[in-house]
Protein chains: 2
Amino acid sequence: MKILILGADGYLGWPTCLYFSQRGHEVVGIDNYFRRNATKELGSESLIPVPDLPQRVKIWEEITGKKIDVHIGDITDYEFLLNIFREFSPDAVIHYAEQPSAPYSMIDRDKAAFTLQNNLTSTLNIVYAVKETNPDCHIIKLGTMGEYGTPNIDIEEGWLEIEHKGRKDKFLFPRQAGSLYHTTKVQDTDMLWFYVRTWGLRVTDLMQGPVYGLSTEETDLDPQLMTIFNYDEVFGTVLNRFIVQAIAEYPLTIYGKGKQVRGFLNLKDTMQCAYLAATQPAKQGELRIFNQLTEPFSVNQLADKVKTVGDKLGYKVTLNSIENPRVEKEDHYYNVQYTGLLELGLEPHLLTDEILTGLFNIVSQYKDQINKKAIFKGIKWK
Amino acid sequence: MKILILGADGYLGWPTCLYFSQRGHEVVGIDNYFRRNATKELGSESLIPVPDLPQRVKIWEEITGKKIDVHIGDITDYEFLLNIFREFSPDAVIHYAEQPSAPYSMIDRDKAAFTLQNNLTSTLNIVYAVKETNPDCHIIKLGTMGEYGTPNIDIEEGWLEIEHKGRKDKFLFPRQAGSLYHTTKVQDTDMLWFYVRTWGLRVTDLMQGPVYGLSTEETDLDPQLMTIFNYDEVFGTVLNRFIVQAIAEYPLTIYGKGKQVRGFLNLKDTMQCAYLAATQPAKQGELRIFNQLTEPFSVNQLADKVKTVGDKLGYKVTLNSIENPRVEKEDHYYNVQYTGLLELGLEPHLLTDEILTGLFNIVSQYKDQINKKAIFKGIKWK
């Protein structure tokens with residue numbers, strides 16, 4: 001399979017490139033280094049030093065003999081993207097190339113406008129490039145579980161059948177996101193659903209929960225193949241942040257009551273999900289939506305797990321309930337369906353003490369690189 | 001009241017400026033002449049020659065002694081918009097400044113990208129300007145009935161209470177729009193709803209159906225005060241197009257079966273609705289949604305009405321069912337609620353033969369200006 005990966009330098013993008021390459025697929029990756037530049041600007045660079053993308057694929061080739069072709073550029077530039085589609089003619093494109101941080105999108109107007117323009121223009125450009133070059137190309141889009149918010153009803157897998165005044169119809173499951181970033185993903189969904197209906201494109205939307213972890217089969221081959229790992233409040237996901245905080249003996253930053261529940265998954269399972277979606281594509285004219293998580297946890301549950309394992313390893317882990325910088329419900333109903341990817345063949349790596357210990361062990365090797373000042377700045381929603 | 005009108009040069013914007021000014025309010029208008037420039041590019045300029053915006057307000061002042069302050073500029077330029085908010089400090093802002101054409105948004109990637117960026121960035125900028133200068137300012141946003149599409153259930157007024165597996169919650173009524181333009185309005189709704197929940201803004205979203213007509217109390221004062229009137233497939237609304245086609249003895253362009261039903265309203269009622277919304281504002285933290293229409297009609301019903309009146313006036317009106325350039329259901333359920341604006345005091349001007357005759361009479365004065373080549377080009381959705 002020929003697969004185009006957008007956001008190829010990122011936390012998910014890079015290991016996804018390796019995962020497909022390792023399994024014999026022809027991979028082209030694109031990145032504009034947004035995350036590197038933004039984290040530099042915010043003083044919160046990757047814990048693990050990571051070579052640039054051309055160097056990374058060179059190292060990959062040295063180790064495995066497999067080639068990955070990469071381009072540094074911005075997919076909001078339509079001509080740039082279109083040319084790559086024309087030359088490569090991918091069977092599937094995986095779209096990770098969005099501004100992925102909720103706090104970043106809430107800093108100020110300029111960062112909100114950037115998030116809006118980057119995320120929506122990139123999705124539009126992919127839609128047009130697919131239509132112009134090969135309408136059969138499968139678009140795999142990274143959505144987020146955050147699109148649904150925390151409704152008072154069960155969260156179904158993308159869609160909801162509604163009966164109203166004796167009549168029925170099926171709609172996108174109601175979406176009400178908790179940040180501008182998450183809202184751009186809702187807007188993506190609206191747009192993709194429109195073009196699927198109108199042009200018969202084939203699209204899979206992966207509604208992913210927060211990812212944790214550092215290890216994949218491929219990145220474990222060599223320390224130079226590791227993925228970017230952010231641990232600050234802006235670009236770090238919650239469990240990764242807690243591990244780093246525990247190792248740095250920085251009290252775990254629990255926002256408000258800590259009863260916020262989300263659905264989590266291991267980085268290894270993101271790889272599986274993207275691969276399962278690509279190798280078992282959506283049909284033409286189908287917007288196929290999967291809820292991509294393996295276990296729901298509350299923030300308090302995660303903090304307790306990190307404390308239990310951290311304390312066992314000799315760290316003095318403390319918890320700190322701080323004023324919630326976000327606007328979100330801290331106590332809410334949460335019951336989510338996530339059977340679609342399991343039916344495709346996903347074999348989850350659940351969050352055991354062993355997995356957590358493994359994460360502690362890797363991160364502890366970079367303990368001296370932790371910049372405590374980067375951990376929490378308190379970017380407020382209001 | 002101090003009222004800021006965005007898109008002040010447009011079909012709705014200009015008469016809205018006059019309507020508020022006439023009633024003693026302080027009006028500032030902004031426009032970037034997008035519609036003038038786009039219709040020039042497409043060879044489909046206003047049937048009625050219209051002076052530029054500074055000239056229009058000069059004429060208005062000469063006739064009524066009332067001043068309207070206008071600025072030519074682009075509200076996607078945040079500094080430009082913010083400065084006007086700072087200087088004027090409006091009590092309410094009416095946002096008509098979006099790319100308003102469905103076919104325009106479907107022409108190609110560049111026009112789609114323009115529509116997306118213009119419409120969403122303008123809305124984001126208004127949200128930020130209101131938050132930074134006066135969070136109490138009432139945002140009145142022009143939405144569209146087209147956001148709902150044609151669902152198989154009754155269309156409620158913006159919201160829907162859903163019971164699912166024994167639990168209840170209230171959500172935005174499901175939206176599934178029929179063009180990229182309409183989709184940007186759905187995306188606007190997502191974004192406004194997010195910022196209303198998060199920042200407690202006060203917003204009214206007017207879900208307007210297609211508007212027809214040319215006459216308002218104020219524009220009738222002098223021919224030089226008339227509003228821009230487009231009659232081509234791109235910027236003209238369906239009933240206005242049919243009137244011009246009838247007068248030009250051009251067969252009425254009925255798309256497909258013509259059984260498509262929409263909710264229509266008279267230009268005079270748009271004025272009333274905007275005024276009622278402004279003088280009876282939404283509460284802080286409220287996204288108030290009104291379905292802004294007075295009567296549903298099918299395309300065939302409109303064509304028949306135009307033929308009946310046109311034939312009586314001595315035109316030879318013929319109907320032509322052409323291949324539908326759009327992707328839309330041509331035979332569908334449509335039952336829409338629209339009581340909110342009536343409860344605020346709206347007194348509808350329904351589509352009588354008298355109203356149609358009045359429209360024929362005005363348009364016939366400009367018969368020689370009709371450019372038949374501009375009427376239909378067949379911009380296809382696919």
# chains A, B, ... in the order shown; residues from 1 in each chain; ligands from 1
call {"tool": "closest_atom_pairs", "arguments": {"of": "chain B", "to": "chain A", "cutoff": "7 Å", "atoms": "only C-alpha atoms", "output": "tab-separated table"}}
result
residue	atom	partner	partner_atom	distance
B:Arg109	CA	A:Tyr128	CA	6.5
B:Ala113	CA	A:Thr121	CA	6.6
B:Gln117	CA	A:Gln117	CA	6.5
B:Thr121	CA	A:Ala113	CA	6.6
B:Tyr128	CA	A:Arg109	CA	6.5
B:Pro151	CA	A:Asp169	CA	6.9
B:Asn152	CA	A:Asp169	CA	5.6
B:Ile153	CA	A:Arg167	CA	5.4
B:His164	CA	A:Ile153	CA	6.3
B:Arg167	CA	A:Ile153	CA	5.4
B:Lys168	CA	A:Ile153	CA	6.1
B:Asp169	CA	A:Asn152	CA	5.6
B:Phe171	CA	A:Pro174	CA	6.5
B:Pro174	CA	A:Phe171	CA	6.5
B:Ala177	CA	A:Phe194	CA	6.9
B:Thr183	CA	A:Met191	CA	6.5
B:Gln187	CA	A:Gln187	CA	5.1
B:Asp190	CA	A:Thr183	CA	6.7
B:Met191	CA	A:Thr183	CA	6.5
B:Phe194	CA	A:Ala177	CA	6.9
B:Thr198	CA	A:Val327	CA	6.2
B:Trp199	CA	A:Lys382	CA	6.3
B:Val327	CA	A:Thr198	CA	6.2
B:Lys382	CA	A:Trp199	CA	6.3
call {"tool": "write_last_selection", "arguments": {"atoms": "C-alpha atoms", "output": "PDB file, in the first residue's frame"}}
result
ATOM      1  CA  ARG B 109     -10.653  24.895  -4.201  1.00  0.00           C
ATOM      2  CA  ALA B 113     -10.837  28.032   0.838  1.00  0.00           C
ATOM      3  CA  GLN B 117     -11.312  31.346   5.829  1.00  0.00           C
ATOM      4  CA  THR B 121     -12.046  34.078  10.669  1.00  0.00           C
ATOM      5  CA  TYR B 128     -12.459  38.123  20.282  1.00  0.00           C
ATOM      6  CA  PRO B 151     -33.891  15.843   7.838  1.00  0.00           C
ATOM      7  CA  ASN B 152     -36.623  13.262   8.092  1.00  0.00           C
ATOM      8  CA  ILE B 153     -37.796  14.701  11.425  1.00  0.00           C
ATOM      9  CA  HIS B 164     -31.368   7.957  24.623  1.00  0.00           C
ATOM     10  CA  ARG B 167     -31.127   9.381  29.794  1.00  0.00           C
ATOM     11  CA  LYS B 168     -31.787  12.917  28.524  1.00  0.00           C
ATOM     12  CA  ASP B 169     -29.805  15.896  27.297  1.00  0.00           C
ATOM     13  CA  PHE B 171     -28.219  19.536  22.054  1.00  0.00           C
ATOM     14  CA  PRO B 174     -28.566  18.151  14.098  1.00  0.00           C
ATOM     15  CA  ALA B 177     -25.769  21.368   5.213  1.00  0.00           C
ATOM     16  CA  THR B 183     -21.296  24.100   6.085  1.00  0.00           C
ATOM     17  CA  GLN B 187     -19.030  25.569  11.699  1.00  0.00           C
ATOM     18  CA  ASP B 190     -20.146  25.174  16.600  1.00  0.00           C
ATOM     19  CA  MET B 191     -17.679  27.970  17.315  1.00  0.00           C
ATOM     20  CA  PHE B 194     -18.267  26.948  22.283  1.00  0.00           C
ATOM     21  CA  THR B 198     -16.924  29.208  27.821  1.00  0.00           C
ATOM     22  CA  TRP B 199     -17.025  32.994  28.013  1.00  0.00           C
ATOM     23  CA  VAL B 327     -26.539  17.597  -4.881  1.00  0.00           C
ATOM     24  CA  LYS B 382     -19.807  17.513  -8.477  1.00  0.00           C
TER      25      LYS B 382
END
call {"tool": "residues_around", "arguments": {"residues": "Gly256 in chain B", "least_positions_apart": "2", "cutoff": "8 Å", "atoms": "only C-alpha atoms", "output": "ChimeraX atom specification"}}
result
/B:254,258,321-324,330
call {"tool": "select_by_dssp", "arguments": {"residues": "range 151-356 of chain B", "states": "helix (DSSP H, G or I)", "output": "count of residues only"}}
result
72
call {"tool": "residues_around", "arguments": {"residues": "Gln369 in chain B", "least_positions_apart": "4", "cutoff": "10 Å", "atoms": "only C-alpha atoms", "output": "list in words"}}
result
Glu45, Ser46, Leu47, Ile48, Pro49, Ala248, Val363, Ser364 and Gln365 of chain B
call {"tool": "atom_distance", "arguments": {"atom1": "CA of Trp14 in chain A", "atom2": "CA of Arg86 in chain A"}}
result
22.8 Å
call {"tool": "residues_around", "arguments": {"residues": "Thr64 in chain A", "least_positions_apart": "6", "cutoff": "12 Å", "atoms": "only C-alpha atoms", "output": "compact mmCIF listing (two decimals) with N, CA, C and O atoms, in the first residue's frame"}}
result
# COMPACT_ATOMS: atom_id res chain seq x y z
N LEU A 18 6.97 4.63 10.74
CA LEU A 18 7.80 3.43 10.95
C LEU A 18 6.94 2.16 10.92
O LEU A 18 7.34 1.14 10.35
N SER A 21 6.06 1.40 7.36
CA SER A 21 7.28 1.07 6.62
C SER A 21 7.76 -0.33 7.00
O SER A 21 8.09 -1.15 6.13
N GLN A 22 7.75 -0.62 8.27
CA GLN A 22 8.21 -1.92 8.78
C GLN A 22 7.40 -3.07 8.17
O GLN A 22 7.91 -4.15 7.95
N ARG A 23 6.13 -2.79 7.90
CA ARG A 23 5.23 -3.83 7.37
C ARG A 23 5.19 -3.85 5.84
O ARG A 23 4.27 -4.39 5.24
N GLY A 24 6.19 -3.19 5.24
CA GLY A 24 6.37 -3.34 3.80
C GLY A 24 5.63 -2.33 2.94
O GLY A 24 5.60 -2.46 1.72
N VAL A 57 14.73 9.60 8.96
CA VAL A 57 14.49 8.55 7.96
C VAL A 57 15.80 7.92 7.49
O VAL A 57 15.84 6.75 7.11
N LYS A 58 16.89 8.71 7.56
CA LYS A 58 18.21 8.17 7.23
C LYS A 58 18.61 7.10 8.25
O LYS A 58 19.08 6.01 7.89
N GLU A 218 8.88 -0.39 16.70
CA GLU A 218 9.88 0.19 15.79
C GLU A 218 10.75 1.23 16.50
O GLU A 218 11.96 1.26 16.31
N THR A 219 10.12 2.11 17.29
CA THR A 219 10.94 3.15 17.94
C THR A 219 11.86 2.52 18.98
O THR A 219 12.90 3.09 19.32
N LEU A 221 13.71 0.06 18.50
CA LEU A 221 14.89 -0.52 17.84
C LEU A 221 16.16 0.27 18.12
O LEU A 221 17.26 -0.28 18.13
N ASP A 222 16.02 1.60 18.33
CA ASP A 222 17.19 2.44 18.54
C ASP A 222 16.75 3.73 19.23
O ASP A 222 15.72 4.29 18.85
N LEU A 225 15.49 6.58 17.26
CA LEU A 225 14.19 6.46 16.56
C LEU A 225 13.01 6.85 17.45
O LEU A 225 11.86 6.77 17.02
call {"tool": "residues_around", "arguments": {"residues": "range 272-282 of chain A", "least_positions_apart": "3", "cutoff": "8 Å", "atoms": "only C-alpha atoms", "output": "ChimeraX atom specification"}}
result
/A:16,20,92,94,138,140,202-204,268-269,286-288,292,341,344-346
call {"tool": "write_last_selection", "arguments": {"atoms": "N, CA, C and O atoms", "output": "CSV table (one decimal), in the first residue's frame"}}
result
chain,number,residue,atom,x,y,z
A,16,THR,N,4.0,6.2,13.3
A,16,THR,CA,3.1,5.6,12.3
A,16,THR,C,3.8,5.4,11.0
A,16,THR,O,3.6,4.4,10.3
A,20,PHE,N,4.1,1.5,9.4
A,20,PHE,CA,3.7,1.1,8.0
A,20,PHE,C,5.0,0.7,7.2
A,20,PHE,O,4.9,-0.3,6.4
A,92,ALA,N,-3.9,5.7,0.5
A,92,ALA,CA,-4.5,6.2,1.7
A,92,ALA,C,-3.7,7.4,2.2
A,92,ALA,O,-2.5,7.4,2.0
A,94,ILE,N,-3.1,9.6,5.9
A,94,ILE,CA,-3.4,9.8,7.3
A,94,ILE,C,-3.2,11.2,7.7
A,94,ILE,O,-2.1,11.7,7.5
A,138,HIS,N,-8.3,6.7,0.3
A,138,HIS,CA,-9.0,6.6,1.6
A,138,HIS,C,-8.4,7.7,2.5
A,138,HIS,O,-7.2,7.7,2.8
A,140,ILE,N,-7.9,9.0,6.1
A,140,ILE,CA,-8.0,8.6,7.5
A,140,ILE,C,-7.6,9.9,8.3
A,140,ILE,O,-6.5,10.4,8.3
A,202,ARG,N,-14.2,8.4,0.5
A,202,ARG,CA,-14.2,7.3,1.5
A,202,ARG,C,-13.3,7.9,2.7
A,202,ARG,O,-12.2,8.2,2.5
A,203,VAL,N,-13.9,8.0,3.8
A,203,VAL,CA,-13.3,8.6,5.0
A,203,VAL,C,-13.5,7.8,6.2
A,203,VAL,O,-14.6,7.3,6.5
A,204,THR,N,-12.4,7.7,7.0
A,204,THR,CA,-12.4,7.1,8.3
A,204,THR,C,-12.0,8.2,9.3
A,204,THR,O,-11.0,8.8,9.2
A,268,LYS,N,1.0,2.4,21.3
A,268,LYS,CA,1.1,1.2,20.5
A,268,LYS,C,-0.3,0.9,19.9
A,268,LYS,O,-0.4,0.3,18.8
A,269,ASP,N,-1.3,1.2,20.6
A,269,ASP,CA,-2.7,1.0,20.1
A,269,ASP,C,-3.1,2.0,19.0
A,269,ASP,O,-3.8,1.7,18.1
A,286,GLU,N,-18.7,6.6,2.3
A,286,GLU,CA,-18.9,6.3,3.7
A,286,GLU,C,-18.0,7.2,4.6
A,286,GLU,O,-16.8,7.3,4.4
A,287,LEU,N,-18.6,7.8,5.6
A,287,LEU,CA,-17.9,8.4,6.7
A,287,LEU,C,-17.9,7.4,7.8
A,287,LEU,O,-19.0,7.3,8.5
A,288,ARG,N,-16.8,6.7,8.0
A,288,ARG,CA,-16.8,5.7,9.0
A,288,ARG,C,-16.2,6.2,10.3
A,288,ARG,O,-15.1,6.8,10.2
A,292,GLN,N,-11.7,5.8,19.3
A,292,GLN,CA,-10.4,5.2,19.5
A,292,GLN,C,-9.9,5.4,20.9
A,292,GLN,O,-9.2,6.3,21.2
A,341,LEU,N,-13.2,-0.7,16.5
A,341,LEU,CA,-11.8,-1.1,16.2
A,341,LEU,C,-11.5,-2.4,16.8
A,341,LEU,O,-10.7,-3.2,16.2
A,344,LEU,N,-12.5,-4.8,14.2
A,344,LEU,CA,-11.5,-4.8,13.1
A,344,LEU,C,-10.2,-5.6,13.5
A,344,LEU,O,-9.4,-6.0,12.6
A,345,GLY,N,-10.1,-5.9,14.8
A,345,GLY,CA,-8.9,-6.7,15.2
A,345,GLY,C,-8.0,-6.1,16.3
A,345,GLY,O,-6.9,-6.6,16.6
A,346,LEU,N,-8.3,-4.9,16.8
A,346,LEU,CA,-7.5,-4.3,17.8
A,346,LEU,C,-7.2,-5.1,19.0
A,346,LEU,O,-8.2,-5.7,19.6
call {"tool": "select_by_dssp", "arguments": {"residues": "range 210-336 of chain A", "states": "strand (DSSP E)", "output": "PDB file with C-alpha atoms, in the first residue's frame"}}
result
ATOM      1  CA  VAL A 211      -2.606   8.833  24.129  1.00  0.00           C
ATOM      2  CA  TYR A 212       0.172   7.847  26.529  1.00  0.00           C
ATOM      3  CA  LEU A 252       0.929  16.061  39.988  1.00  0.00           C
ATOM      4  CA  THR A 253      -1.226  18.852  38.528  1.00  0.00           C
ATOM      5  CA  ILE A 254      -4.798  17.676  39.019  1.00  0.00           C
ATOM      6  CA  TYR A 255      -7.228  20.203  37.558  1.00  0.00           C
ATOM      7  CA  VAL A 261     -13.258  11.031  32.827  1.00  0.00           C
ATOM      8  CA  ARG A 262     -11.716  10.464  29.410  1.00  0.00           C
ATOM      9  CA  GLY A 263     -10.962   7.402  27.290  1.00  0.00           C
ATOM     10  CA  PHE A 264      -7.245   6.639  27.003  1.00  0.00           C
ATOM     11  CA  LEU A 265      -5.017   4.460  24.867  1.00  0.00           C
ATOM     12  CA  ASN A 266      -1.423   3.342  24.555  1.00  0.00           C
ATOM     13  CA  LEU A 287     -17.854   8.438   6.678  1.00  0.00           C
ATOM     14  CA  ARG A 288     -16.803   5.655   9.034  1.00  0.00           C
ATOM     15  CA  ILE A 289     -16.289   6.767  12.612  1.00  0.00           C
ATOM     16  CA  PHE A 290     -14.482   4.845  15.341  1.00  0.00           C
ATOM     17  CA  ASN A 291     -14.125   5.803  18.976  1.00  0.00           C
ATOM     18  CA  GLN A 292     -10.418   5.183  19.474  1.00  0.00           C
ATOM     19  CA  GLU A 295     -10.024   2.285  28.763  1.00  0.00           C
ATOM     20  CA  PRO A 296     -11.766   5.203  30.433  1.00  0.00           C
ATOM     21  CA  PHE A 297     -10.129   6.693  33.535  1.00  0.00           C
ATOM     22  CA  SER A 298     -10.711   9.740  35.675  1.00  0.00           C
ATOM     23  CA  LEU A 319      -0.803  15.064  44.230  1.00  0.00           C
ATOM     24  CA  ASN A 320      -1.879  18.685  43.986  1.00  0.00           C
ATOM     25  CA  SER A 321      -5.435  19.688  43.195  1.00  0.00           C
ATOM     26  CA  ILE A 322      -5.096  23.074  41.534  1.00  0.00           C
TER      27      ILE A 322
END
call {"tool": "residues_around", "arguments": {"residues": "Leu302 in chain B", "least_positions_apart": "5", "cutoff": "9 Å", "atoms": "only C-alpha atoms", "output": "JSON, numbers by chain"}}
result
{"B": [238, 239, 242, 297, 307]}
